[in-house]
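J.: Quick one: the structure is below, questions incoming.
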Amino acid sequence: SSLLRILIFPPGKMKGNVYFSLLCVVLVSSNVVLAVHHRHSSRPQRLTQGTFQVVGEKVKAPKFDLCPTCVSFTGQALDILLNIILNGGVVGSCGTLCNDLTNKTGNKDLGVVCDLLCDYVGIKEFIKIIQDADLDPIYFCELLKTCKIFDGGDAKFTALEVHPASGQKGKTFAIAFSWTTVNGTGTGELVIQIKTVDGLPLGSGNLIEPAEPGSYHGSASLSTDNSGCDPSQGPCEQWIPGVYTVEVAICNGECGSSHPHSQVYDTKETTFNITMEAH
């Protein structure tokens with residue numbers, strides 16, 4: 001299957017963490033600490049799923065931060081919780097609702113986080129937020145007040161490149177990108193999408209917690225070797241020779257959301273070319 005590895009470097013002056021909820025397998029560098037979690041995306045995507053936290057050398061991690069936990073949980077459980085509420089009638093307690101979630105998913109960890117978040121606001125408010133969030137994980141967690149809201153932010157991409165610009169199928173392509181923010185950013189998302197020749201959607205949706213003003217840069221590696229793809233798990237990208245477009249977007253809230261506290265800060269795209277394999 002296609003493999004996208006992404007590495008982000010925050011500026012040394014940053015005081016908080018930058019979190020990315022990525023559909024990827026992550027790298028470890030001497031400059032950063034990567035903590036792997038898990039998150040699903042509502043978009044049609046085929047990249048290996050995971051989450052990492054990037055901590056710069058001078059960055060101090062907060063003692064307790066529910067935002068990435070909440071978004072990770074919500075990406076997996078929000079749709080199921082909504083169905084339980086709509087189909088189950090009256091739900092009298094957090095324990096009842098979260099036990100139903102555990103039974104339906106077979107995942108005890110989801111039940112534990114459900115109890116934590118539900119008890120945080122109470123069962124009535126929890127159900128109301130689930131219904132109001134309309135399957136938007138970031139907005140859900142903002143309503144729960146576990147993710148910070150900042151609507152005065154901005155971000156601008158300053159570079160996006162793919163190396164090499166042309167290569168044979170099976171090669172790994174390096175994607176480099178950078179952006180700056182003058183006022184800082186709110187809780188949002190960084191999205192990378194690959195527009196393929198055969199039309200199969202590929203991409204990653206990435207949670208970003210509020211960042212202070214500064215310059216940021218990162219890199220991603222995209223493998224075009226599909227020898228390990230299992231067609232029984234879904235269609236496999238064929239990497240047909242031709243021109244491929246890489247698009248990045250950085251947003252306040254979830255990219256494409258119509259909910260409050262949502263805005264596309266900036267987008268940028270570039271292309272690379274896949275050629276025929278040598279025989």
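In the structure tokens, each chain is lettered A, B, ... as it comes, each chain's residues begin at 1, and ligands are numbered from 1 in order of appearance.
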Within 8 Å of Thr270 of chain A, counting only C-alpha atoms, which residues show up once you throw out same-chain ones fewer than 6 positions away? Write them as an mmCIF file with N, CA and C atoms, in the first residue's frame, please.
T.:
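For reference, around10.cif as written:
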data_model
loop_
_atom_site.group_PDB
_atom_site.id
_atom_site.type_symbol
_atom_site.label_atom_id
_atom_site.label_comp_id
_atom_site.auth_asym_id
_atom_site.auth_seq_id
_atom_site.Cartn_x
_atom_site.Cartn_y
_atom_site.Cartn_z
ATOM 1 N N LEU A 160 6.450 24.617 -1.336
ATOM 2 C CA LEU A 160 6.012 23.230 -1.492
ATOM 3 C C LEU A 160 6.763 22.648 -2.682
ATOM 4 N N GLU A 161 7.561 21.613 -2.435
ATOM 5 C CA GLU A 161 8.373 21.021 -3.492
ATOM 6 C C GLU A 161 8.335 19.502 -3.382
ATOM 7 N N VAL A 162 8.514 18.831 -4.526
ATOM 8 C CA VAL A 162 8.617 17.372 -4.575
ATOM 9 C C VAL A 162 9.945 17.018 -5.234
ATOM 10 N N THR A 245 -0.614 15.534 -8.773
ATOM 11 C CA THR A 245 -0.654 16.822 -8.082
ATOM 12 C C THR A 245 -0.653 16.605 -6.573
ATOM 13 N N VAL A 246 0.233 17.312 -5.882
ATOM 14 C CA VAL A 246 0.260 17.330 -4.419
ATOM 15 C C VAL A 246 -0.344 18.651 -3.962
ATOM 16 N N GLU A 247 -1.374 18.584 -3.112
ATOM 17 C CA GLU A 247 -1.997 19.794 -2.582
ATOM 18 C C GLU A 247 -1.923 19.770 -1.065
#
J.: Hey, could you make a per-residue contact list for segment 195-219 of chain A against segment 165-180 of chain A with 9 Å as the cut-off, showing the nearest pair of atoms and its distance in Å to one decimal, counting only C-alpha atoms, sorted by chain and number, as JSON lines?
T.:
{"residue": "A:Pro213", "atom": "CA", "partner": "A:Thr180", "partner_atom": "CA", "distance": 7.4}
{"residue": "A:Gly214", "atom": "CA", "partner": "A:Thr180", "partner_atom": "CA", "distance": 5.7}
{"residue": "A:Ser215", "atom": "CA", "partner": "A:Thr180", "partner_atom": "CA", "distance": 4.3}
{"residue": "A:Tyr216", "atom": "CA", "partner": "A:Trp179", "partner_atom": "CA", "distance": 5.3}
{"residue": "A:His217", "atom": "CA", "partner": "A:Ser178", "partner_atom": "CA", "distance": 3.9}
{"residue": "A:Gly218", "atom": "CA", "partner": "A:Phe177", "partner_atom": "CA", "distance": 5.5}
{"residue": "A:Ser219", "atom": "CA", "partner": "A:Ala176", "partner_atom": "CA", "distance": 4.3}
J.: Include all heavy atoms and write out the residues we just selected as an mmCIF file, in the first residue's frame.
T.:
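Full text of selection-v1.cif as output:
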data_model
loop_
_atom_site.group_PDB
_atom_site.id
_atom_site.type_symbol
_atom_site.label_atom_id
_atom_site.label_comp_id
_atom_site.auth_asym_id
_atom_site.auth_seq_id
_atom_site.Cartn_x
_atom_site.Cartn_y
_atom_site.Cartn_z
ATOM 1 N N PRO A 213 3.053 32.518 16.734
ATOM 2 C CA PRO A 213 3.627 33.094 15.513
ATOM 3 C C PRO A 213 5.026 32.559 15.246
ATOM 4 O O PRO A 213 5.812 32.342 16.167
ATOM 5 C CB PRO A 213 3.655 34.594 15.827
ATOM 6 C CG PRO A 213 2.557 34.808 16.807
ATOM 7 C CD PRO A 213 2.546 33.568 17.659
ATOM 8 N N GLY A 214 5.335 32.362 13.967
ATOM 9 C CA GLY A 214 6.650 31.849 13.615
ATOM 10 C C GLY A 214 6.630 31.155 12.273
ATOM 11 O O GLY A 214 5.637 31.156 11.560
ATOM 12 N N SER A 215 7.749 30.540 11.936
ATOM 13 C CA SER A 215 7.900 29.805 10.685
ATOM 14 C C SER A 215 8.009 28.319 10.985
ATOM 15 O O SER A 215 8.684 27.919 11.937
ATOM 16 C CB SER A 215 9.147 30.280 9.935
ATOM 17 O OG SER A 215 9.027 31.637 9.569
ATOM 18 N N TYR A 216 7.373 27.507 10.156
ATOM 19 C CA TYR A 216 7.333 26.061 10.348
ATOM 20 C C TYR A 216 7.698 25.385 9.036
ATOM 21 O O TYR A 216 7.368 25.884 7.954
ATOM 22 C CB TYR A 216 5.944 25.600 10.784
ATOM 23 C CG TYR A 216 5.497 26.183 12.107
ATOM 24 C CD1 TYR A 216 5.012 27.485 12.184
ATOM 25 C CD2 TYR A 216 5.582 25.435 13.268
ATOM 26 C CE1 TYR A 216 4.628 28.023 13.399
ATOM 27 C CE2 TYR A 216 5.192 25.966 14.490
ATOM 28 C CZ TYR A 216 4.720 27.264 14.548
ATOM 29 O OH TYR A 216 4.345 27.796 15.751
ATOM 30 N N HIS A 217 8.376 24.262 9.119
ATOM 31 C CA HIS A 217 8.646 23.516 7.907
ATOM 32 C C HIS A 217 8.597 22.033 8.210
ATOM 33 O O HIS A 217 8.738 21.604 9.354
ATOM 34 C CB HIS A 217 9.994 23.903 7.292
ATOM 35 C CG HIS A 217 11.179 23.516 8.132
ATOM 36 N ND1 HIS A 217 11.625 24.279 9.190
ATOM 37 C CD2 HIS A 217 12.006 22.451 8.061
ATOM 38 C CE1 HIS A 217 12.683 23.704 9.736
ATOM 39 N NE2 HIS A 217 12.936 22.593 9.069
ATOM 40 N N GLY A 218 8.362 21.261 7.184
ATOM 41 C CA GLY A 218 8.268 19.824 7.373
ATOM 42 C C GLY A 218 8.554 19.085 6.090
ATOM 43 O O GLY A 218 8.779 19.685 5.039
ATOM 44 N N SER A 219 8.592 17.771 6.177
ATOM 45 C CA SER A 219 8.834 16.958 5.001
ATOM 46 C C SER A 219 7.993 15.696 5.073
ATOM 47 O O SER A 219 7.585 15.258 6.143
ATOM 48 C CB SER A 219 10.316 16.594 4.889
ATOM 49 O OG SER A 219 10.713 15.812 6.005
#
J.: Quick one: pull the distance between atom CA of Leu117 of chain A and atom CA of Cys67 of chain A, Å, one decimal.
T.: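 Spanning atom CA of Leu117 of chain A to atom CA of Cys67 of chain A is a straight-line distance of 10.7 Å.
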J.: Using only C-alpha atoms, can you tell me which of A:Lys145, A:Val182, A:Thr271, A:Gly205 comes closest to Val121 of chain A?
T.: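 Once distances to Val121 of chain A are computed over only C-alpha atoms, the minimum belongs to A:Lys145.
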J.: Go through A:Phe126, A:Tyr120, A:Phe73, A:Phe150 and flag the residue nearest Glu212 of chain A, using only C-alpha atoms for the distances.
T.: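 Looking only at the distances to Glu212 of chain A, the closest residue turns out to be A:Phe150.
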J.: Can you tell me, as a compact mmCIF listing (two decimals) with N, CA, C and O atoms, in the first residue's frame, what residues are no more than 6 Å from segment 249-266 of chain A when counting only C-alpha atoms, ignoring any on the same chain fewer than 6 positions away?
T.:
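So the final result, stored in selection-v3.txt, reads:
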# COMPACT_ATOMS: atom_id res chain seq x y z
N ASP A 151 -9.92 32.40 16.79
CA ASP A 151 -10.39 32.74 15.45
C ASP A 151 -9.61 33.88 14.81
O ASP A 151 -9.93 34.30 13.69
N ASP A 154 -3.83 32.96 11.47
CA ASP A 154 -3.52 33.01 10.04
C ASP A 154 -2.38 32.04 9.77
O ASP A 154 -1.65 31.64 10.68
N ALA A 155 -2.22 31.67 8.52
CA ALA A 155 -1.09 30.86 8.09
C ALA A 155 -0.95 31.00 6.58
O ALA A 155 -1.94 31.12 5.87
N LYS A 156 0.29 31.00 6.10
CA LYS A 156 0.57 31.16 4.68
C LYS A 156 1.69 30.21 4.30
O LYS A 156 2.77 30.23 4.89
N GLY A 186 -5.29 28.72 15.32
CA GLY A 186 -6.22 28.05 16.21
C GLY A 186 -6.09 26.54 16.08
O GLY A 186 -5.28 26.03 15.30
N THR A 187 -6.87 25.81 16.86
CA THR A 187 -6.91 24.35 16.70
C THR A 187 -7.43 24.05 15.30
O THR A 187 -8.51 24.50 14.91
N GLY A 188 -6.66 23.31 14.53
CA GLY A 188 -7.05 23.12 13.14
C GLY A 188 -6.47 21.88 12.53
O GLY A 188 -6.18 20.90 13.21
N GLU A 189 -6.26 21.96 11.23
CA GLU A 189 -5.89 20.78 10.48
C GLU A 189 -4.94 21.15 9.35
O GLU A 189 -5.09 22.20 8.71
N LEU A 190 -3.96 20.28 9.12
CA LEU A 190 -3.12 20.38 7.94
C LEU A 190 -3.40 19.14 7.09
O LEU A 190 -3.28 18.02 7.56
N VAL A 191 -3.80 19.37 5.85
CA VAL A 191 -4.21 18.28 4.97
C VAL A 191 -3.23 18.17 3.80
O VAL A 191 -2.86 19.18 3.20
J.: Counting only C-alpha atoms, figure out which residue out of A:Ile130, A:Ala220, A:Ile240, A:Leu143 gets nearest to Asp79 of chain A.
T.: A:Ile130
J.: As number ranges by chain, please: the residues near Leu97 of chain A (cut-off 10 Å, only C-alpha atoms, same-chain neighbours under 3 positions excluded).
T.: A: 81, 84-85, 88, 90-94, 100-102, 111, 114-115, 118, 123, 127
J.: Just checking: using only C-alpha atoms, which residue out of A:Leu202, A:Pro210, A:Ala133, A:Asn107 ends up closest to Gly152 of chain A?
T.: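 Of A:Leu202, A:Pro210, A:Ala133, A:Asn107, the one nearest Gly152 of chain A is A:Pro210, counting only C-alpha atoms.
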